[in-house]
Each structure stands twice: as structure tokens, then as C-alpha cells.
Amino acid sequence: MLDRSASMRPYYKDGSAQALAEQTLALAAQLDPEATVKVVFFSTELDGTGELTLTDHENKIDTLHASLGRMGRTSYHAAVAEVLALHDAAGPGSDTPALVVFQTDGAPDAKTPATQALTEAAKSHPSVFFSFVAFGDPENKAFDYLRKLKAPNTAHFLAGESPLELTDKELYEAVLASWRP
């Protein structure tokens, strides 16, 4: 899941969003024989979806992002609903473990619907785990939402202001730290 709120513009321009997607694809190659990553872009609502594969990933995030138009706000709940729909559409076995790398650079614009969506997801889809990767100043008060979030299917990692500097190992250890499929 990639945040397309207006404040994310610098992270698309510097390649951070593309890099995170490629790191996620490399992780998927270790966890899933198909090594396919469904990408959900969100802002005020669901902005669009796409897919990364080992043979089709170069500049894919940048291309998809450019095709989606105006950037908006940060509505977590719209993105959570789409991820759950994609998980259900994958066919039988909705209890199949799913790791969702949820990238954002701030708190949701509507905290109550976001918390409700994540809490309900924990009940209806206990095998879907949301690992938040927060781009930006770790001291930013906007990340207080993630620090206080107590849904059992979530964890967060404050990636910092320069996510491009993260090593693969740092990212993978942080994303996988709390996930127990």
C-alpha cells in the first residue's frame, strides 16, 4: 500500500516509493513462489492498483503513480478495504497469511474510520497483517497514531526522513519483526 497524499510528493520524486516497492518484491520472492506484489495506491480514497512481478517492476511505481492524477489526503480505511477485497478475491483460503507493507508519511486524516477498519480487519481477516512503514521525521507528532495503535494485526516501523538510505536488512528486519504467519 502506497500513500499518495500530497505530502508524499518528495518521496515519489526521490525514488523512495519505487525503492520500497522493489524491496517488497524481493521479500515476496522469498515468501511466495509467485513473487507477485499487488500495489494499492491511496489518498483521499482508493487511487488505483497495480502489480509488480520479477519481470515487470522497473519504474513501475513511478509509471503507475503518474497515471493516477491528483494526490489527496490520507485515508487509511479506503486502502484497508481494498486490500481485504484483493485478499478475498485471491480465491479460496482467505485464511492464507498475507503481509501488507503499508507505507505512509503521516496519520490518517480520519482516525476513527482508520482504527475501525484495522480493528475489523483483525477480526474478519486475522491472517492479514499490516506492517506500517512510516517515511518522515520519527519525532513527528503525526506518527503518534501509529505509536498508539493497538490492533493485533499491525506493527509499525519509523523509517526516517531518508528511506532510500535503509539497507534491505534494516527494512526486512523491521517489517518482519512482529509478523507471525
# chains A, B, ... in the order shown; residues from 1 in each chain; ligands from 1
call {"tool": "closest_atom_pairs", "arguments": {"of": "segment 20-96 of chain A", "to": "segment 138-158 of chain A", "cutoff": "12 Å", "atoms": "only C-alpha atoms", "output": "CSV"}}
result
residue,atom,partner,partner_atom,distance
A:Thr74,CA,A:Ala142,CA,11.4
A:Tyr76,CA,A:Leu146,CA,11.6
A:Val80,CA,A:Thr154,CA,11.7
call {"tool": "closest_residue", "arguments": {"among": "A:Ala6, A:Ala117, A:Leu54, A:Ala110", "to": "Ala26 of chain A", "atoms": "only C-alpha atoms"}}
result
A:Leu54
call {"tool": "closest_residue", "arguments": {"among": "A:Val101, A:Ala19, A:Met8, A:Leu84", "to": "Val37 of chain A", "atoms": "only C-alpha atoms"}}
result
A:Val101
call {"tool": "select_by_dssp", "arguments": {"residues": "segment 88-177 of chain A", "states": "alpha helix (DSSP H)", "output": "ChimeraX atom specification"}}
result
/A:88-89,111-124,144-148,168-176
call {"tool": "atom_distance", "arguments": {"atom1": "atom CA of Thr96 of chain A", "atom2": "atom CA of Val40 of chain A"}}
result
19.0 Å
call {"tool": "closest_residue", "arguments": {"among": "A:His65, A:Thr24, A:Glu45, A:Glu51", "to": "Leu86 of chain A", "atoms": "only C-alpha atoms"}}
result
A:Glu51
call {"tool": "select_by_dssp", "arguments": {"residues": "segment 38-134 of chain A", "states": "strand (DSSP E or B)", "output": "ChimeraX atom specification"}}
result
/A:38-42,46-53,56,72,98-104,128-134
call {"tool": "closest_residue", "arguments": {"among": "A:Ser75, A:Thr36, A:Gln30, A:Ser178", "to": "Asp56 of chain A", "atoms": "only C-alpha atoms"}}
result
A:Thr36
call {"tool": "atom_distance", "arguments": {"atom1": "atom CA of Asp14 of chain A", "atom2": "atom CA of Glu161 of chain A"}}
result
11.6 Å
call {"tool": "atom_distance", "arguments": {"atom1": "atom CA of Asp47 of chain A", "atom2": "atom CA of His77 of chain A"}}
result
12.8 Å
call {"tool": "closest_atom_pairs", "arguments": {"of": "segment 125-177 of chain A", "to": "segment 87-91 of chain A", "cutoff": "12 Å", "atoms": "only C-alpha atoms", "output": "Markdown table"}}
result
| residue | atom | partner | partner_atom | distance |
| --- | --- | --- | --- | --- |
| A:His125 | CA | A:His87 | CA | 9.0 |
| A:Pro126 | CA | A:His87 | CA | 11.7 |
| A:Ser127 | CA | A:His87 | CA | 10.0 |
| A:Val128 | CA | A:His87 | CA | 8.3 |
| A:Phe129 | CA | A:His87 | CA | 11.4 |
call {"tool": "write_last_selection", "arguments": {"atoms": "N, CA and C atoms", "output": "PDB file, in the first residue's frame"}}
result
ATOM      1  N   HIS A 125     -10.321 -10.862   9.129  1.00  0.00           N
ATOM      2  CA  HIS A 125      -9.191 -11.375   8.346  1.00  0.00           C
ATOM      3  C   HIS A 125      -7.953 -11.494   9.257  1.00  0.00           C
ATOM      4  N   PRO A 126      -7.998 -12.369  10.242  1.00  0.00           N
ATOM      5  CA  PRO A 126      -6.883 -12.441  11.206  1.00  0.00           C
ATOM      6  C   PRO A 126      -5.543 -12.832  10.585  1.00  0.00           C
ATOM      7  N   SER A 127      -5.562 -13.369   9.381  1.00  0.00           N
ATOM      8  CA  SER A 127      -4.305 -13.764   8.737  1.00  0.00           C
ATOM      9  C   SER A 127      -3.667 -12.624   7.939  1.00  0.00           C
ATOM     10  N   VAL A 128      -4.343 -11.480   7.860  1.00  0.00           N
ATOM     11  CA  VAL A 128      -3.799 -10.327   7.134  1.00  0.00           C
ATOM     12  C   VAL A 128      -3.122  -9.405   8.150  1.00  0.00           C
ATOM     13  N   PHE A 129      -1.829  -9.187   7.955  1.00  0.00           N
ATOM     14  CA  PHE A 129      -1.033  -8.381   8.885  1.00  0.00           C
ATOM     15  C   PHE A 129      -0.556  -7.121   8.187  1.00  0.00           C
TER      16      PHE A 129
END
call {"tool": "residues_around", "arguments": {"residues": "Thr63 of chain A", "least_positions_apart": "3", "cutoff": "12 Å", "atoms": "only C-alpha atoms", "output": "list in words"}}
result
Tyr12, Lys13, Gly15, Ala17, Gln18, Thr49, Gly50, Glu51, Leu52, Asp56, His57, Glu58, Asn59, Lys60, Ala66, Ser67, Leu68 and Gly69 of chain A
call {"tool": "closest_residue", "arguments": {"among": "A:Pro33, A:Gly48, A:Gly106, A:Pro97", "to": "Ala78 of chain A", "atoms": "only C-alpha atoms"}}
result
A:Gly48
